[in-house]
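Data block for structure-v9.txt (compact mmCIF, C-alpha atoms):
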# COMPACT_ATOMS: atom_id res chain seq x y z
CA MET A 695 0.00 0.00 0.00
CA GLN A 696 1.36 3.36 -0.97
CA THR A 697 1.68 5.90 1.84
CA VAL A 698 0.46 9.37 1.06
CA SER A 699 2.87 11.97 2.42
CA ALA A 700 2.02 15.55 3.33
CA SER A 701 2.48 18.00 0.54
CA SER A 702 5.91 19.54 0.58
CA SER A 703 4.39 22.81 -0.59
CA SER A 704 2.41 23.38 2.64
CA GLN A 705 3.81 26.22 4.79
CA PRO A 706 3.96 26.28 8.61
CA ALA A 707 1.41 28.48 10.36
CA PRO A 708 2.77 31.96 11.03
CA ALA A 709 3.98 32.57 14.56
CA LEU A 710 1.52 34.47 16.75
CA LEU A 711 3.25 37.61 17.92
CA LEU A 712 2.58 39.19 21.32
CA ARG A 713 1.47 42.40 19.60
CA ASP A 714 -1.28 40.44 17.83
CA ILE A 715 -2.90 39.30 21.08
CA PRO A 716 -5.65 41.70 22.18
CA LEU A 717 -5.09 42.91 25.70
CA PRO A 718 -8.01 42.86 28.17
CA ARG A 719 -9.69 46.23 28.43
CA LYS A 720 -8.66 48.00 31.58
CA ALA A 721 -11.57 48.95 33.80
CA PRO A 722 -12.05 52.72 33.64
CA ASP A 723 -11.23 54.79 36.68
CA ALA A 724 -14.30 55.97 38.58
CA VAL A 725 -13.28 59.63 38.31
CA ALA A 726 -12.74 59.35 34.54
CA LEU A 727 -16.35 58.24 34.06
CA GLY A 728 -17.76 61.51 35.40
CA SER A 729 -17.30 65.19 34.72
CA THR A 730 -15.12 67.25 37.05
CA ARG A 731 -16.22 70.59 38.47
CA THR A 732 -14.46 73.08 40.74
CA VAL A 733 -16.52 75.04 43.25
CA ALA A 734 -15.62 78.03 45.39
CA LYS A 735 -16.17 78.55 49.11
CA ASP A 736 -19.91 78.64 49.97
CA GLU A 737 -20.87 77.94 46.34
CA GLU A 738 -24.10 75.97 45.97
CA ILE A 739 -23.82 72.57 44.31
CA PHE A 740 -27.52 71.73 44.43
CA ALA A 741 -30.51 73.11 46.32
CA GLU A 742 -33.20 71.46 48.39
CA GLY A 743 -36.19 70.77 46.15
CA ASN A 744 -34.12 70.48 42.95
CA ARG A 745 -34.69 67.43 40.82
CA PRO A 746 -31.63 65.17 41.33
CA ALA A 747 -29.80 64.78 38.01
CA PHE A 748 -26.39 63.71 39.35
CA ILE A 749 -24.65 62.04 42.21
CA TYR A 750 -21.39 63.58 43.36
CA LYS A 751 -17.97 62.55 44.66
CA VAL A 752 -15.59 64.82 46.54
CA VAL A 753 -12.08 64.82 45.07
CA SER A 754 -10.62 67.63 47.18
CA GLY A 755 -11.97 70.07 49.73
CA ALA A 756 -15.17 69.45 51.69
CA VAL A 757 -18.93 69.85 51.26
CA ARG A 758 -21.77 70.37 53.75
CA THR A 759 -25.35 69.24 53.20
CA PHE A 760 -28.04 71.01 55.20
CA LYS A 761 -31.71 71.87 55.53
CA LEU A 762 -33.19 75.24 56.45
CA LEU A 763 -35.84 74.84 59.14
CA SER A 764 -39.11 76.74 59.19
CA ASP A 765 -37.78 79.17 61.82
CA GLY A 766 -34.75 80.03 59.68
CA ARG A 767 -32.25 77.89 61.54
CA ARG A 768 -29.83 75.73 59.56
CA GLN A 769 -29.40 72.04 60.38
CA ILE A 770 -26.28 70.55 58.82
CA ASP A 771 -26.90 66.92 58.04
CA ALA A 772 -23.35 65.84 57.16
CA PHE A 773 -19.88 66.89 56.07
CA HIS A 774 -18.52 65.18 52.95
CA LEU A 775 -14.75 64.82 52.64
CA PRO A 776 -12.43 63.60 49.83
CA GLY A 777 -13.56 60.19 48.62
CA ASP A 778 -17.13 60.61 49.89
CA ILE A 779 -20.12 60.25 47.55
CA PHE A 780 -23.18 62.40 48.24
CA GLY A 781 -26.44 63.49 46.65
CA ILE A 782 -27.90 59.97 46.48
CA GLU A 783 -31.67 60.37 46.63
CA THR A 784 -34.54 57.90 46.48
CA GLY A 785 -37.21 60.51 45.79
CA GLU A 786 -37.83 63.02 43.02
CA GLU A 787 -36.32 65.98 44.89
CA HIS A 788 -33.17 66.73 46.84
CA ARG A 789 -33.98 66.76 50.56
CA PHE A 790 -30.96 68.93 51.40
CA THR A 791 -28.87 71.75 49.96
CA ALA A 792 -25.17 71.13 49.28
CA GLU A 793 -22.49 73.83 49.47
CA ALA A 794 -18.70 73.81 49.39
CA LEU A 795 -17.03 74.55 52.73
CA GLY A 796 -14.05 76.01 50.87
CA ASP A 797 -12.58 75.67 47.40
CA ALA A 798 -13.33 72.10 46.31
CA THR A 799 -13.23 69.74 43.35
CA ILE A 800 -16.07 67.31 42.77
CA VAL A 801 -16.98 64.72 40.16
CA LEU A 802 -20.53 64.54 38.77
CA TYR A 803 -22.07 61.26 37.60
CA ARG A 804 -25.30 61.55 35.65
CA ARG A 805 -28.01 59.49 37.36
CA SER A 806 -29.50 58.35 34.06
CA SER A 807 -26.17 56.70 33.17
CA LEU A 808 -25.52 55.00 36.51
CA GLY A 809 -26.54 51.55 35.31
CA ALA A 810 -24.11 51.58 32.41
CA LEU A 811 -21.40 53.21 34.52
CA ALA A 812 -21.72 50.54 37.19
CA LEU A 813 -21.30 47.82 34.55
CA ASP A 814 -18.20 49.54 33.16
CA CYS A 815 -16.67 50.19 36.55
CA GLY A 816 -17.21 47.77 39.41
CA GLU A 817 -15.23 50.17 41.61
CA LEU A 818 -17.87 52.88 41.18
CA SER A 819 -20.68 50.44 41.95
CA HIS A 820 -18.93 49.38 45.14
CA GLN A 821 -18.33 53.01 46.13
CA ILE A 822 -22.00 53.89 45.71
CA VAL A 823 -23.17 50.95 47.85
CA SER A 824 -20.58 51.81 50.51
CA ALA A 825 -21.70 55.45 50.46
CA MET A 826 -25.31 54.44 51.03
CA MET A 827 -24.33 52.26 54.00
CA ARG A 828 -22.17 55.00 55.53
CA SER A 829 -24.96 57.54 55.04
CA LEU A 830 -27.40 55.32 56.93
CA GLU A 831 -24.90 54.75 59.74
CA GLN A 832 -24.09 58.46 60.01
CA ALA A 833 -27.79 59.37 60.11
CA GLN A 834 -28.35 56.93 62.98
CA ASN A 835 -25.33 58.20 64.89
CA HIS A 836 -26.35 61.82 64.30
CA MET A 837 -29.85 61.16 65.64
CA LEU A 838 -28.38 59.65 68.81
CA LEU A 839 -25.90 62.52 69.13
CA LEU A 840 -28.60 65.19 68.91
CA GLY A 841 -31.06 63.48 71.21
CA ARG A 842 -29.02 61.86 73.98
CA LYS A 843 -25.82 63.82 74.63
CA ASN A 844 -24.99 67.07 76.37
CA ALA A 845 -22.90 69.80 74.75
CA LEU A 846 -19.50 68.59 75.95
CA GLU A 847 -20.29 65.00 74.92
CA LYS A 848 -21.43 66.16 71.49
CA VAL A 849 -18.21 68.08 70.88
CA ALA A 850 -16.07 65.14 72.09
CA THR A 851 -17.94 62.73 69.79
CA PHE A 852 -17.55 65.10 66.86
CA LEU A 853 -13.80 65.56 67.38
CA LEU A 854 -13.20 61.81 67.59
CA ALA A 855 -15.26 61.20 64.45
CA MET A 856 -13.39 63.87 62.51
CA ALA A 857 -10.04 62.57 63.73
CA LYS A 858 -10.84 59.19 62.18
CA ARG A 859 -11.78 60.81 58.89
CA VAL A 860 -9.18 63.54 58.34
CA SER A 861 -6.12 62.66 60.41
CA LYS A 862 -3.57 59.89 60.86
CA ASP A 863 -2.21 61.36 64.09
CA ASP A 864 -3.46 63.50 66.96
CA GLN A 865 -3.66 66.75 64.97
CA VAL A 866 -7.05 67.41 63.39
CA ASP A 867 -7.27 70.25 60.86
CA LEU A 868 -11.00 70.88 60.71
CA PRO A 869 -12.32 71.98 57.29
CA MET A 870 -15.44 73.52 58.83
CA SER A 871 -16.00 76.64 60.95
CA ARG A 872 -17.30 76.63 64.50
CA LEU A 873 -20.62 77.90 63.18
CA ASP A 874 -20.79 74.84 60.93
CA MET A 875 -20.03 72.65 63.94
CA ALA A 876 -22.78 74.36 65.91
CA ASP A 877 -25.35 73.87 63.15
CA HIS A 878 -24.38 70.21 62.87
CA LEU A 879 -24.49 69.48 66.61
CA GLY A 880 -27.63 71.50 67.38
CA LEU A 881 -25.74 73.97 69.56
CA THR A 882 -24.91 77.68 69.47
CA ILE A 883 -21.50 78.90 68.36
CA GLU A 884 -20.96 80.27 71.89
CA THR A 885 -21.56 76.79 73.34
CA ILE A 886 -19.10 75.28 70.87
CA SER A 887 -16.44 77.81 71.89
CA ARG A 888 -17.08 77.25 75.62
CA SER A 889 -16.92 73.47 75.21
CA LEU A 890 -13.63 73.61 73.29
CA THR A 891 -12.16 75.97 75.90
CA GLN A 892 -13.31 73.65 78.69
CA LEU A 893 -11.66 70.66 77.00
CA GLU A 894 -8.49 72.70 76.52
CA ARG A 895 -8.35 73.76 80.19
CA LYS A 896 -8.69 70.13 81.24
CA GLY A 897 -5.72 69.23 79.06
CA ILE A 898 -7.83 66.98 76.84
CA ILE A 899 -7.22 68.98 73.65
CA GLY A 900 -4.95 71.74 72.42
CA LEU A 901 -6.07 74.69 70.30
CA PRO A 902 -2.99 76.01 68.40
CA THR A 903 -5.25 77.80 65.88
CA HIS A 904 -8.96 78.39 65.39
CA ARG A 905 -9.39 75.18 63.36
CA LEU A 906 -6.43 73.03 64.34
CA ILE A 907 -7.26 70.67 67.21
CA VAL A 908 -4.64 68.57 68.98
CA LEU A 909 -6.01 65.52 70.77
CA ARG A 910 -3.93 65.31 73.94
CA ASP A 911 -6.02 62.76 75.84
CA ARG A 912 -8.03 60.46 73.57
CA GLU A 913 -9.10 58.26 76.46
CA ALA A 914 -10.79 61.22 78.17
CA LEU A 915 -12.58 62.10 74.91
CA GLU A 916 -13.67 58.49 74.50
CA ARG A 917 -15.12 58.46 78.01
CA LEU A 918 -17.21 61.51 77.06
CA ASP A 919 -18.22 59.76 73.84
CA THR A 920 -19.76 56.74 75.59

Show me this structure written as structure tokens.
Amino acid sequence: MQTVSASSSSQPAPALLLRDIPLPRKAPDAVALGSTRTVAKDEEIFAEGNRPAFIYKVVSGAVRTFKLLSDGRRQIDAFHLPGDIFGIETGEEHRFTAEALGDATIVLYRRSSLGALALDCGELSHQIVSAMMRSLEQAQNHMLLLGRKNALEKVATFLLAMAKRVSKDDQVDLPMSRLDMADHLGLTIETISRSLTQLERKGIIGLPTHRLIVLRDREALERLDT
């Protein structure tokens, strides 16, 4: 029986070069998926009653969200720092007004595109869920703070919370004014000043400048926080 050999004219398959292999698409950065905006001190980002068109992420600076009460007083709901996402609403209107505490940079994500953005960027989806959980926790803690603690305890709780968010040591450079603190804690600015002075005299904190707080005795602050 005659054996049929492979044709000598057949050519070997061309080598597959590394440049010919498609690389996996890199997941887009969460910031790159939105539009960046710079805002000046006290500039309004959105107003209570506006239809929510975006959600927002702080890149630099800080933002306060607040509601004006019927008697003209201002109740600050929360302070949003770099990395925080805010403006997430379940209804058809914003429940709070948002303003920059100082010069700030924020990223805007259009709400109508959130589904597609979340598919493109798992990081953004995770950040939004985490923001919702933190917002719920902060609202619960704020309710307890306003209803169950005296002035000194409120200030101690606030300083410890801010230290965790803005500092890696015992020096806390507050981005908000004492009036902002007062409107967040349900106190007057005079009470805030008296409480800080009282803590300073007891050696629990230091006050090198109007906004710089040095935590000298964390254990004493934590006892006031309980």

Handout entry: Proximity to A:Val860 - best of A:Leu901, A:Leu802, A:Ile782, A:Leu775, only C-alpha atoms
Key = A:Leu775

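Nearest residue to A:Gln892, choosing from A:Gln769, A:Ala850, A:Ser754, A:Glu793 and counting only C-alpha atoms: A:Ala850.
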
Problem - Distance query A:Leu915 at most 8 Å, all atoms listed in the file, self and fewer than 2 positions along chain excluded, as a VMD selection string - result: chain A and resid 850 to 851 854 898 911 to 913 917 to 919

Residues from the last selection, C-alpha atoms, saved as a PDB file, in the frame of the given file:
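Listing of result-v7.pdb after writing:
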ATOM      1  CA  ALA A 850     -16.070  65.140  72.090  1.00  0.00           C
ATOM      2  CA  THR A 851     -17.940  62.730  69.790  1.00  0.00           C
ATOM      3  CA  LEU A 854     -13.200  61.810  67.590  1.00  0.00           C
ATOM      4  CA  ILE A 898      -7.830  66.980  76.840  1.00  0.00           C
ATOM      5  CA  ASP A 911      -6.020  62.760  75.840  1.00  0.00           C
ATOM      6  CA  ARG A 912      -8.030  60.460  73.570  1.00  0.00           C
ATOM      7  CA  GLU A 913      -9.100  58.260  76.460  1.00  0.00           C
ATOM      8  CA  ARG A 917     -15.120  58.460  78.010  1.00  0.00           C
ATOM      9  CA  LEU A 918     -17.210  61.510  77.060  1.00  0.00           C
ATOM     10  CA  ASP A 919     -18.220  59.760  73.840  1.00  0.00           C
TER      11      ASP A 919
END

Exercise for the section: Can you work out the spacing between atom CA of A:Phe760 and atom CA of A:Thr791 in Å, to one decimal? Expected result: 5.4 Å

Exercise for the section: Extract, using all atoms listed in the file, all DNA, RNA and protein residues at most 9 Å from stretch 904-908 of chain A, discarding same-chain residues fewer than 5 positions from it, and format them as a ChimeraX atom specification. Expected result: /A:853,864-872,898-899

Can those selected residues be exported to a file as a JSON list (two decimals), in the frame of the given file so that it contains C-alpha atoms?
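Saved file result02.json follows:
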[["chain", "number", "residue", "atom", "x", "y", "z"],
["A", 853, "LEU", "CA", -13.80, 65.56, 67.38],
["A", 864, "ASP", "CA", -3.46, 63.50, 66.96],
["A", 865, "GLN", "CA", -3.66, 66.75, 64.97],
["A", 866, "VAL", "CA", -7.05, 67.41, 63.39],
["A", 867, "ASP", "CA", -7.27, 70.25, 60.86],
["A", 868, "LEU", "CA", -11.00, 70.88, 60.71],
["A", 869, "PRO", "CA", -12.32, 71.98, 57.29],
["A", 870, "MET", "CA", -15.44, 73.52, 58.83],
["A", 871, "SER", "CA", -16.00, 76.64, 60.95],
["A", 872, "ARG", "CA", -17.30, 76.63, 64.50],
["A", 898, "ILE", "CA", -7.83, 66.98, 76.84],
["A", 899, "ILE", "CA", -7.22, 68.98, 73.65]]

Enclose the full set of atoms of stretch 886-891 of chain A listed in the file within a box whose edges lie along x, y and z, apply 6 Å of padding to each of the six sides, and report centre and edge lengths in Å to one decimal as lines of an AutoDock Vina configuration file.
center_x = -15.6
center_y = 75.6
center_z = 73.4
size_x = 18.9
size_y = 16.3
size_z = 17.0

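Across A:Met875, A:Val849, A:Ala792, A:Ala857, the tightest approach to A:Pro746 is made by A:Ala792 when counting all atoms listed in the file.
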
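With distances taken over all atoms listed in the file, A:Ala914 is the one residue among A:Glu783, A:Met856, A:Ala914, A:Gly880 lying closest to A:Glu894.
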
Problem - Gap from atom CA of A:Gly766 to atom CA of A:Ile886 - Å, one decimal - result: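 Those two atoms sit 19.8 Å apart.
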
Problem - Separation of atom CA of A:Glu884 from atom CA of A:Asp736 in Å - result: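 Separation between atom CA of A:Asp736 and atom CA of A:Glu884: 22.0 Å.
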
Problem - Residue nearest A:His878 among A:Tyr803, A:Phe780, A:Phe740, A:Phe773 (counting only C-alpha atoms) - result: A:Phe773

Practice task
Pick out the closest residue to A:Thr759 from this set: A:Ala734, A:Leu881, A:Ala741, A:Ile822. Count only C-alpha atoms.
Solution key: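 Checking each candidate against A:Thr759, we get A:Ala741 as the closest.
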